[in-house]
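File shown here: protein-v3.txt, holding compact mmCIF, C-alpha atoms.
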# COMPACT_ATOMS: atom_id res chain seq x y z
CA MET V 1 70.67 104.00 -9.41
CA ARG V 2 70.94 102.16 -6.09
CA THR V 3 71.25 104.14 -2.87
CA ASP V 4 69.88 103.68 0.61
CA ARG V 5 66.81 105.71 -0.34
CA SER V 6 65.60 103.46 -3.11
CA ARG V 7 67.15 100.20 -1.96
CA ILE V 8 64.54 97.54 -1.49
CA ARG V 9 64.85 96.56 2.16
CA ARG V 10 62.40 93.68 2.17
CA LEU V 11 62.78 90.70 -0.14
CA PRO V 12 65.95 91.97 -1.83
CA HIS V 13 65.72 89.14 -4.39
CA ARG V 14 62.69 90.95 -5.85
CA GLY V 15 64.60 94.20 -6.35
CA LEU V 16 65.93 95.25 -9.73
CA TYR V 17 68.02 98.36 -10.08
CA ASP V 18 69.01 98.67 -13.71
CA ALA V 19 67.47 101.25 -15.98
CA LYS V 20 66.30 98.65 -18.52
CA ASN V 21 63.88 97.04 -16.05
CA VAL V 22 62.73 100.38 -14.65
CA TYR V 23 61.99 101.73 -18.14
CA ALA V 24 60.25 98.51 -19.25
CA ILE V 25 57.80 98.81 -16.35
CA LEU V 26 57.28 102.57 -16.82
CA ASP V 27 56.57 101.94 -20.50
CA CYS V 28 53.99 99.22 -19.74
CA GLY V 29 52.10 101.49 -17.33
CA TYR V 30 50.30 104.77 -17.81
CA LEU V 31 49.08 105.66 -14.32
CA ALA V 32 51.46 107.01 -11.69
CA HIS V 33 50.88 107.93 -8.07
CA VAL V 34 52.84 111.06 -7.29
CA GLY V 35 53.82 111.77 -3.68
CA PHE V 36 54.88 115.08 -2.25
CA HIS V 37 54.85 116.90 1.05
CA LEU V 38 52.83 120.05 1.57
CA GLY V 39 52.72 121.63 5.01
CA VAL V 40 52.80 118.78 7.51
CA GLN V 41 50.94 116.42 5.23
CA PRO V 42 51.95 113.89 2.57
CA PHE V 43 49.80 113.82 -0.58
CA VAL V 44 49.46 111.03 -3.13
CA ILE V 45 47.78 112.00 -6.39
CA PRO V 46 47.10 109.78 -9.42
CA THR V 47 48.26 111.15 -12.76
CA LEU V 48 49.23 110.14 -16.29
CA TYR V 49 52.81 110.43 -17.51
CA GLY V 50 55.08 110.04 -20.50
CA ARG V 51 58.77 109.15 -20.70
CA ARG V 52 61.70 110.13 -22.91
CA GLY V 53 65.01 108.68 -21.73
CA GLU V 54 65.46 109.40 -18.04
CA LYS V 55 62.94 112.22 -18.12
CA LEU V 56 59.27 111.91 -17.27
CA TYR V 57 56.55 114.36 -18.22
CA LEU V 58 53.45 115.19 -16.18
CA HIS V 59 50.66 117.60 -17.01
CA GLY V 60 47.72 119.18 -15.27
CA SER V 61 45.72 122.33 -14.86
CA ALA V 62 47.97 125.37 -14.46
CA ALA V 63 45.86 126.24 -11.40
CA SER V 64 46.20 122.86 -9.68
CA ARG V 65 47.73 122.77 -6.23
CA MET V 66 49.91 119.81 -7.13
CA MET V 67 51.36 121.37 -10.28
CA ARG V 68 52.07 124.69 -8.61
CA HIS V 69 53.78 122.92 -5.73
CA LEU V 70 55.84 120.45 -7.80
CA GLU V 71 57.14 123.13 -10.16
CA GLN V 72 59.03 124.62 -7.21
CA GLY V 73 61.44 121.68 -7.41
CA VAL V 74 60.40 119.95 -4.18
CA PRO V 75 61.35 116.28 -3.64
CA VAL V 76 58.94 113.99 -5.49
CA CYS V 77 58.32 110.26 -5.30
CA MET V 78 56.52 108.68 -8.23
CA THR V 79 55.29 105.10 -8.13
CA VAL V 80 53.91 102.95 -10.95
CA THR V 81 52.37 99.60 -10.05
CA LEU V 82 51.19 96.94 -12.48
CA VAL V 83 49.29 94.08 -10.84
CA ASP V 84 49.65 90.81 -12.75
CA GLY V 85 47.97 88.30 -10.48
CA ILE V 86 46.82 87.10 -7.09
CA VAL V 87 48.98 84.31 -5.72
CA LEU V 88 46.92 81.81 -3.73
CA ALA V 89 49.09 79.77 -1.40
CA ARG V 90 48.09 76.98 0.98
CA THR V 91 48.62 79.23 3.98
CA ALA V 92 47.32 82.73 4.66
CA PHE V 93 50.89 83.87 5.36
CA ASN V 94 52.27 82.84 1.96
CA HIS V 95 49.64 84.59 -0.14
CA ALA V 96 51.13 87.24 -2.41
CA MET V 97 50.57 89.37 -5.48
CA ASN V 98 52.37 89.06 -8.79
CA TYR V 99 53.25 92.58 -9.80
CA ARG V 100 55.77 94.91 -11.33
CA SER V 101 56.42 98.25 -9.66
CA VAL V 102 58.78 101.17 -9.91
CA VAL V 103 59.43 103.66 -7.13
CA LEU V 104 61.43 106.65 -8.30
CA PHE V 105 62.68 109.91 -6.86
CA GLY V 106 63.39 113.22 -8.48
CA GLN V 107 62.54 116.89 -8.76
CA ALA V 108 60.32 118.55 -11.32
CA ARG V 109 60.70 121.75 -13.29
CA LYS V 110 58.06 123.65 -15.22
CA ILE V 111 58.40 123.68 -19.00
CA GLN V 112 57.90 127.29 -20.10
CA GLU V 113 58.80 127.36 -23.78
CA GLU V 114 55.86 126.63 -26.09
CA THR V 115 57.50 124.18 -28.51
CA SER V 116 58.96 122.12 -25.64
CA LYS V 117 55.56 122.16 -23.96
CA ARG V 118 53.84 120.83 -27.09
CA ASP V 119 56.56 118.18 -27.40
CA ALA V 120 56.06 117.04 -23.81
CA LEU V 121 52.27 116.89 -24.20
CA ARG V 122 52.74 114.78 -27.33
CA ILE V 123 54.99 112.41 -25.35
CA ILE V 124 52.33 112.02 -22.62
CA SER V 125 49.58 111.49 -25.21
CA GLU V 126 51.58 109.00 -27.30
CA HIS V 127 52.63 107.13 -24.15
CA LEU V 128 48.97 106.46 -23.37
CA LEU V 129 47.61 105.91 -26.87
CA PRO V 130 50.13 105.82 -29.74
CA GLY V 131 48.78 107.44 -32.89
CA ARG V 132 46.21 109.67 -31.25
CA TRP V 133 48.08 112.99 -31.16
CA ASP V 134 48.31 113.51 -34.93
CA ASP V 135 44.66 112.56 -35.37
CA VAL V 136 43.11 115.28 -33.18
CA ARG V 137 42.90 119.04 -33.15
CA ALA V 138 46.19 120.33 -31.68
CA PRO V 139 46.21 122.56 -28.57
CA LYS V 140 45.48 126.26 -29.07
CA ALA V 141 47.67 128.87 -27.36
CA LYS V 142 44.91 129.47 -24.80
CA GLU V 143 44.71 125.75 -23.97
CA LEU V 144 48.49 125.52 -23.64
CA LYS V 145 48.40 128.44 -21.23
CA ALA V 146 45.79 126.68 -19.08
CA THR V 147 47.98 123.56 -18.93
CA SER V 148 51.07 123.17 -16.78
CA VAL V 149 53.66 120.67 -17.99
CA LEU V 150 56.44 119.38 -15.76
CA GLU V 151 59.66 117.59 -16.55
CA LEU V 152 60.79 115.19 -13.86
CA VAL V 153 64.38 113.99 -14.07
CA ILE V 154 64.75 110.55 -12.51
CA ASP V 155 67.46 110.78 -9.85
CA GLU V 156 67.01 107.28 -8.49
CA ALA V 157 64.68 104.43 -9.24
CA SER V 158 64.15 100.85 -8.29
CA ALA V 159 61.88 98.16 -9.64
CA LYS V 160 60.27 95.28 -7.80
CA VAL V 161 58.88 92.26 -9.56
CA ARG V 162 57.18 89.08 -8.42
CA THR V 163 56.17 86.40 -10.89
CA GLY V 164 55.18 82.76 -10.74
CA SER V 165 53.53 80.27 -8.43
CA PRO V 166 53.05 80.41 -4.67
CA ILE V 167 55.96 79.38 -2.47
CA ASP V 168 54.73 77.42 0.52
CA ASP V 169 56.62 75.88 3.40
CA GLU V 170 57.50 72.26 2.60
CA GLU V 171 55.22 70.86 5.34
CA ASP V 172 52.19 72.75 3.95
CA TYR V 173 52.18 71.34 0.41
CA ASP V 174 49.83 68.55 1.52
CA PHE V 175 47.24 70.98 2.91
CA PRO V 176 44.03 70.17 0.99
CA VAL V 177 43.30 73.48 -0.74
CA TRP V 178 43.55 74.77 -4.30
CA ALA V 179 46.70 76.84 -4.89
CA GLY V 180 47.90 78.77 -7.89
CA VAL V 181 47.68 82.17 -9.54
CA ILE V 182 44.66 84.18 -10.70
CA PRO V 183 46.05 86.32 -13.56
CA ILE V 184 44.87 89.94 -13.77
CA ILE V 185 44.92 91.94 -16.98
CA SER V 186 44.05 95.59 -17.39
CA GLU V 187 41.98 94.93 -20.48
CA MET V 188 40.56 97.42 -22.96
CA LYS V 189 37.05 96.68 -24.20
CA GLU V 190 35.02 97.52 -27.29
CA PRO V 191 35.07 101.32 -27.71
CA LEU V 192 31.86 103.25 -27.01
CA PRO V 193 31.28 105.97 -29.62
CA ASP V 194 30.37 109.45 -28.43
CA PRO V 195 26.60 109.92 -29.03
CA ARG V 196 27.44 113.08 -30.98
CA LEU V 197 29.85 111.25 -33.30
CA ARG V 198 29.19 111.60 -37.03
CA LYS V 199 27.95 108.21 -38.22
CA GLU V 200 30.56 107.74 -40.96
CA GLN V 201 33.53 108.11 -38.60
CA PRO V 202 35.32 104.72 -38.30
CA ILE V 203 37.27 103.50 -35.24
CA PRO V 204 40.92 104.26 -36.10
CA GLN V 205 43.36 101.42 -36.68
CA TYR V 206 45.62 102.60 -33.83
CA VAL V 207 42.68 102.28 -31.41
CA GLN V 208 41.98 98.73 -32.61
CA THR V 209 45.68 97.82 -32.30
CA PHE V 210 45.80 99.33 -28.81
CA ILE V 211 42.77 97.33 -27.63
CA ALA V 212 44.07 94.08 -29.16
CA LYS V 213 47.45 94.58 -27.49
CA SER V 214 45.88 95.03 -24.05
CA LYS V 215 44.42 91.54 -24.24
CA THR V 216 47.75 89.82 -24.86
CA ILE V 217 50.19 91.62 -22.58
CA ASN V 218 51.56 89.33 -19.95
CA GLY V 219 53.45 90.57 -16.92
CA SER V 220 56.14 87.95 -16.99
CA GLU V 221 57.00 88.67 -20.63
CA ALA V 222 57.80 92.30 -19.93
CA ILE V 223 60.90 91.67 -17.81
CA MET J 1 34.83 114.94 5.75
CA ARG J 2 35.52 118.09 3.76
CA THR J 3 38.33 120.41 4.82
CA ASP J 4 40.83 122.47 2.92
CA ARG J 5 43.25 119.53 2.97
CA SER J 6 41.04 117.12 1.10
CA ARG J 7 38.93 119.59 -0.82
CA ILE J 8 39.14 118.98 -4.54
CA ARG J 9 40.52 122.22 -5.93
CA ARG J 10 40.29 121.40 -9.62
CA LEU J 11 37.02 120.38 -11.23
CA PRO J 12 34.92 120.62 -8.06
CA HIS J 13 31.97 119.07 -9.88
CA ARG J 14 33.92 115.80 -9.86
CA GLY J 15 34.40 115.84 -6.09
CA LEU J 16 32.28 113.74 -3.77
CA TYR J 17 32.66 114.04 -0.04
CA ASP J 18 30.19 111.70 1.56
CA ALA J 19 31.28 108.46 3.20
CA LYS J 20 28.99 106.33 1.03
CA ASN J 21 30.89 107.20 -2.17
CA VAL J 22 34.28 106.97 -0.49
CA TYR J 23 33.48 103.51 0.89
CA ALA J 24 32.01 102.28 -2.41
CA ILE J 25 35.28 103.09 -4.19
CA LEU J 26 37.47 101.65 -1.43
CA ASP J 27 35.41 98.45 -1.53
CA CYS J 28 35.77 98.13 -5.33
CA GLY J 29 39.57 98.47 -5.13
CA TYR J 30 42.21 96.39 -3.46
CA LEU J 31 45.45 98.27 -4.22
CA ALA J 32 46.35 101.44 -2.36
CA HIS J 33 49.29 103.78 -2.74
CA VAL J 34 50.41 104.89 0.70
CA GLY J 35 52.33 108.14 1.04
CA PHE J 36 54.45 109.23 3.97
CA HIS J 37 57.40 111.45 4.67
CA LEU J 38 60.71 110.04 5.89
CA GLY J 39 63.66 112.36 6.35
CA VAL J 40 63.40 114.97 3.60
CA GLN J 41 61.80 112.59 1.15
CA PRO J 42 58.23 111.59 0.30
CA PHE J 43 57.64 107.87 -0.30
CA VAL J 44 54.75 106.23 -2.17
CA ILE J 45 54.43 102.48 -1.65
CA PRO J 46 51.78 100.15 -3.15
CA THR J 47 49.99 97.91 -0.68
CA LEU J 48 46.81 95.88 -0.16
CA TYR J 49 44.20 96.92 2.38
CA GLY J 50 40.94 95.96 4.01
CA ARG J 51 38.17 98.10 5.48
CA ARG J 52 35.76 97.84 8.40
CA GLY J 53 33.68 100.98 8.88
CA GLU J 54 35.95 104.01 8.93
CA LYS J 55 39.01 101.92 9.74
CA LEU J 56 41.44 100.53 7.21
CA TYR J 57 43.89 97.72 7.79
CA LEU J 58 47.34 97.35 6.23
CA HIS J 59 49.87 94.61 6.71
CA GLY J 60 53.50 93.95 5.90
CA SER J 61 56.71 92.48 7.14
CA ALA J 62 57.40 93.47 10.75
CA ALA J 63 60.88 94.50 9.57
CA SER J 64 59.71 96.75 6.71
CA ARG J 65 60.74 100.38 6.79
CA MET J 66 57.26 101.54 5.89
CA MET J 67 55.51 99.56 8.63
CA ARG J 68 57.98 100.62 11.31
CA HIS J 69 57.60 104.24 10.28
CA LEU J 70 53.81 104.29 9.95
CA GLU J 71 53.24 102.63 13.33
CA GLN J 72 54.70 105.75 14.95
CA GLY J 73 51.49 107.57 14.06
CA VAL J 74 52.94 109.89 11.40
CA PRO J 75 50.57 111.60 8.92
CA VAL J 76 49.60 109.23 6.12
CA CYS J 77 47.90 109.79 2.79
CA MET J 78 46.37 106.76 1.13
CA THR J 79 45.07 106.85 -2.43
CA VAL J 80 43.02 104.27 -4.32
CA THR J 81 42.50 104.77 -8.04
CA LEU J 82 40.25 102.72 -10.31
CA VAL J 83 40.63 103.49 -14.00
CA ASP J 84 37.43 102.87 -15.98
CA GLY J 85 38.26 104.20 -19.41
CA ILE J 86 40.18 106.46 -21.74
CA VAL J 87 38.11 109.36 -23.00
CA LEU J 88 39.00 110.26 -26.59
CA ALA J 89 37.90 113.78 -27.45
CA ARG J 90 38.22 115.65 -30.74
CA THR J 91 40.94 117.86 -29.29
CA ALA J 92 44.11 116.93 -27.41
CA PHE J 93 43.09 119.31 -24.61
CA ASN J 94 39.73 117.63 -23.91
CA HIS J 95 41.07 114.09 -23.60
CA ALA J 96 40.44 112.61 -20.17
CA MET J 97 40.23 109.44 -18.15
CA ASN J 98 37.12 107.93 -16.64
CA TYR J 99 38.07 106.93 -13.14
CA ARG J 100 37.07 106.69 -9.52
CA SER J 101 39.58 107.69 -6.88
CA VAL J 102 39.75 108.26 -3.16
CA VAL J 103 42.40 110.33 -1.41
CA LEU J 104 42.30 109.94 2.36
CA PHE J 105 44.28 111.14 5.33
CA GLY J 106 44.85 109.58 8.72
CA GLN J 107 47.30 108.13 11.19
CA ALA J 108 48.07 104.48 11.79
CA ARG J 109 48.58 102.51 14.98
CA LYS J 110 50.08 99.07 15.35
CA ILE J 111 47.75 96.27 16.38
CA GLN J 112 49.49 94.37 19.17
CA GLU J 113 46.91 91.97 20.53
CA GLU J 114 46.88 88.59 18.78
CA THR J 115 43.11 88.13 18.30
CA SER J 116 42.72 91.65 16.89
CA LYS J 117 45.68 91.03 14.61
CA ARG J 118 44.12 87.83 13.25
CA ASP J 119 40.81 89.69 12.79
CA ALA J 120 42.51 92.47 10.83
CA LEU J 121 44.40 90.01 8.61
CA ARG J 122 41.13 88.24 7.89
CA ILE J 123 39.58 91.59 6.89
CA ILE J 124 42.46 92.28 4.46
CA SER J 125 42.26 88.77 3.00
CA GLU J 126 38.46 88.77 2.64
CA HIS J 127 38.59 92.25 1.09
CA LEU J 128 40.77 90.89 -1.71
CA LEU J 129 39.23 87.45 -2.18
CA PRO J 130 36.09 86.66 -0.18
CA GLY J 131 35.99 83.07 1.00
CA ARG J 132 39.72 82.41 0.94
CA TRP J 133 40.58 82.89 4.62
CA ASP J 134 38.59 79.93 5.97
CA ASP J 135 39.91 77.67 3.22
CA VAL J 136 43.64 77.94 4.01
CA ARG J 137 45.95 77.08 6.86
CA ALA J 138 45.64 79.88 9.45
CA PRO J 139 48.69 81.88 10.56
CA LYS J 140 50.96 80.32 13.16
CA ALA J 141 52.18 82.39 16.12
CA LYS J 142 55.60 82.70 14.46
CA GLU J 143 54.03 84.01 11.23
CA LEU J 144 51.91 86.50 13.15
CA LYS J 145 55.04 87.75 14.89
CA ALA J 146 56.77 88.30 11.54
CA THR J 147 53.78 90.33 10.30
CA SER J 148 53.00 93.88 11.29
CA VAL J 149 49.35 94.95 11.08
CA LEU J 150 48.27 98.57 11.16
CA GLU J 151 44.90 100.17 11.77
CA LEU J 152 44.41 103.44 9.94
CA VAL J 153 41.50 105.60 11.10
CA ILE J 154 40.21 107.75 8.24
CA ASP J 155 40.30 111.37 9.41
CA GLU J 156 39.31 112.91 6.08
CA ALA J 157 38.60 111.54 2.65
CA SER J 158 37.38 112.72 -0.69
CA ALA J 159 36.36 110.88 -3.81
CA LYS J 160 36.70 111.98 -7.40
CA VAL J 161 34.73 110.41 -10.21
CA ARG J 162 34.55 110.97 -13.95
CA THR J 163 32.16 108.99 -16.12
CA GLY J 164 30.72 109.28 -19.59
CA SER J 165 31.56 110.68 -22.99
CA PRO J 166 34.10 113.35 -23.97
CA ILE J 167 33.07 116.96 -23.57
CA ASP J 168 34.36 119.02 -26.48
CA ASP J 169 34.02 122.71 -27.23
CA GLU J 170 30.97 123.33 -29.40
CA GLU J 171 33.03 124.46 -32.42
CA ASP J 172 35.09 121.23 -32.37
CA TYR J 173 32.25 118.72 -32.73
CA ASP J 174 32.65 118.80 -36.52
CA PHE J 175 36.35 117.91 -36.38
CA PRO J 176 36.65 114.69 -38.46
CA VAL J 177 37.98 112.22 -35.89
CA TRP J 178 36.56 109.29 -33.96
CA ALA J 179 35.60 110.24 -30.40
CA GLY J 180 34.30 108.15 -27.53
CA VAL J 181 35.44 106.02 -24.63
CA ILE J 182 37.69 102.96 -24.52
CA PRO J 183 36.48 101.07 -21.42
CA ILE J 184 39.14 99.48 -19.18
CA ILE J 185 38.43 96.56 -16.89
CA SER J 186 40.82 94.99 -14.41
CA GLU J 187 39.85 91.50 -15.46
CA MET J 188 40.69 88.20 -13.77
CA LYS J 189 41.59 85.35 -16.11
CA GLU J 190 41.47 81.54 -15.95
CA PRO J 191 43.41 80.48 -12.81
CA LEU J 192 46.79 78.78 -13.29
CA PRO J 193 47.18 75.85 -10.90
CA ASP J 194 50.41 75.54 -8.91
CA PRO J 195 52.52 72.79 -10.59
CA ARG J 196 52.74 71.10 -7.18
CA LEU J 197 48.95 71.02 -6.75
CA ARG J 198 47.40 67.60 -6.07
CA LYS J 199 45.49 66.64 -9.20
CA GLU J 200 42.11 66.11 -7.48
CA GLN J 201 41.96 69.63 -5.99
CA PRO J 202 39.14 71.57 -7.70
CA ILE J 203 39.06 75.35 -8.20
CA PRO J 204 36.89 76.62 -5.32
CA GLN J 205 33.49 78.15 -6.07
CA TYR J 206 34.49 81.48 -4.44
CA VAL J 207 37.41 81.76 -6.90
CA GLN J 208 35.09 81.13 -9.84
CA THR J 209 32.58 83.69 -8.52
CA PHE J 210 35.37 86.22 -8.00
CA ILE J 211 36.66 85.80 -11.57
CA ALA J 212 33.17 86.02 -13.08
CA LYS J 213 32.44 89.18 -11.08
CA SER J 214 35.59 90.89 -12.37
CA LYS J 215 34.31 90.61 -15.94
CA THR J 216 31.01 92.36 -15.25
CA ILE J 217 31.94 95.21 -12.87
CA ASN J 218 31.36 98.55 -14.50
CA GLY J 219 32.73 101.76 -13.07
CA SER J 220 29.63 103.81 -13.61
CA GLU J 221 27.44 101.29 -11.78
CA ALA J 222 29.43 101.57 -8.59
CA ILE J 223 28.51 105.17 -7.83

Please, can you express the file's structure as structure tokens?
Amino acid sequence: MRTDRSRIRRLPHRGLYDAKNVYAILDCGYLAHVGFHLGVQPFVIPTLYGRRGEKLYLHGSAASRMMRHLEQGVPVCMTVTLVDGIVLARTAFNHAMNYRSVVLFGQARKIQEETSKRDALRIISEHLLPGRWDDVRAPKAKELKATSVLELVIDEASAKVRTGSPIDDEEDYDFPVWAGVIPIISEMKEPLPDPRLRKEQPIPQYVQTFIAKSKTINGSEAI
Amino acid sequence: MRTDRSRIRRLPHRGLYDAKNVYAILDCGYLAHVGFHLGVQPFVIPTLYGRRGEKLYLHGSAASRMMRHLEQGVPVCMTVTLVDGIVLARTAFNHAMNYRSVVLFGQARKIQEETSKRDALRIISEHLLPGRWDDVRAPKAKELKATSVLELVIDEASAKVRTGSPIDDEEDYDFPVWAGVIPIISEMKEPLPDPRLRKEQPIPQYVQTFIAKSKTINGSEAI
């Protein structure tokens, strides 16, 4: 997957090019920032996604400017960034973030056929919250029509990862300041029931599992 | 700040255009996704930032492709997204995210003068972790030279915010499934000291304050 376009130019020791690492990071994340060019202007829009193999799925309102533009097959850049910690060094210059990120390039196409569209929406839903799709009322034909679903084939991708402690210059290790890492976790909290929820409706097991898992995921374990 | 470029086309009731809301979201976040066009390809790169008034500051290696490109004053889109929760509705179609996001447009210029460069780096550092800058060894001339610092004047910006419970169609409220919101917090955890830290070095008060604050911030309070 490595070409000049996706080659990491800075800090090449942080660059990872194999699909296994790229997919591991994509599968840990759920929020992408999608970049495209419209007129003379770049746009960066946050969106959810799902993955099956080397294909990614995005969805949105059928009337959205982004969806209508992307479905024309224009060049797309999609970036997923997971922040794992703030790295406090002894010098301002050596401060850093621990993170995992993927920058990928491709083109999108619109999924027209209804069964494939339902499949792709299920992939996006299950990517975010496994178990939810089968538990809710499925999309009606009218809702499917109001939704645009895109398939993005990954042409190229590269991952960048930083883990671990600060790296200071040898002469700075005696500088009298605390140094280390402040870990950051994107943590799910106790669910808030909808005020209109019927009282006897329990929190599903898959929601409890999902919340518990968010508290234990550690960036360095994922790679 | 509202023009056709930044106008929210979908869900206009979620769009906020005044500077107060835009700044409140920018000040709650620390990670931006910066979009620009290079050759025939859009790029989206994660980066830290700081803000003073309507100016944003970005930094990076003086040799980085992104910095060298942006300093030419090309059109830039910068997006900051804070995810506050997953909104579980009774129907697949009505699922949503609670979030706050800012999409902004501008052009960058390189800061050449040394005092202004130090000022801007301090703004970026204090934006991420207030109190840190004065506690560490300041940048040397050689380090400043290896760092490129950009000032991005915000030309246009718009904020989007979703808060609260799912909104289902009236006929779906009886569907027998749990519905509500799973809150998400980007939470800082107990700091991990650098293995080479001198034993007597305590964790600074500003780090403890910063970690405590991350556990209490609530998306809906910020707007």

Please, what distance in Å, to one decimal, runs between CA of Asp155 in chain V and CA of Thr79 in chain V?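 That distance, rounded to one decimal, is 13.5 Å.
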
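All C-alpha atoms of chain J, paired in order with those of chain V and fitted by least squares, deviate by an RMSD of 0.0 Å.
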
My list of candidates is J:Gly50, J:Gly60, J:Pro75, J:Gly106. Which is closest to chain V when distances are computed with only C-alpha atoms? J:Pro75

Need the shell around Leu197 in chain V: protein/DNA/RNA residues with any atom at most 8 Å away, counting all atoms listed in the file. Skip same-chain ones fewer than 4 positions apart. Format as a ChimeraX atom specification? /V:193,201 /J:173,178-180

Neighbours of Asp27 in chain J within 12 Å (only C-alpha atoms; same-chain residues fewer than 5 positions away dropped), as a list in words?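 Here the answer would be Ala19, Lys20, Asn21, Val22, Ala32, Leu48, Tyr49, Gly50, Arg51, Arg52, Gly53, Glu54, Leu56, Val80, Thr81, Leu82, Arg100, Ser101, Val102, Ile123, Ile124, Glu126, His127, Leu128, Leu129, Pro130, Ala222 and Ile223 of chain J.
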
Best match for closeness to Glu187 in chain V among J:Gly164, J:Ser214, J:Pro204, J:Glu171, counting all atoms listed in the file: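 Result for the nearest residue to Glu187 in chain V: J:Ser214.
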
If I take CA of Lys117 in chain J and CA of Asp135 in chain J, how far is one from the other in Å, to one decimal?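 Atom-to-atom, CA of Lys117 in chain J to CA of Asp135 in chain J, that is 18.5 Å.
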
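The two atoms in question, CA of Ala141 in chain V and CA of Lys55 in chain V, are spaced 24.4 Å apart.
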
Kindly indicate which residue among V:Val161, V:Val207, V:Ala138, V:Leu144 lies nearest to Ile182 in chain J, using all atoms listed in the file for the distances. V:Val207
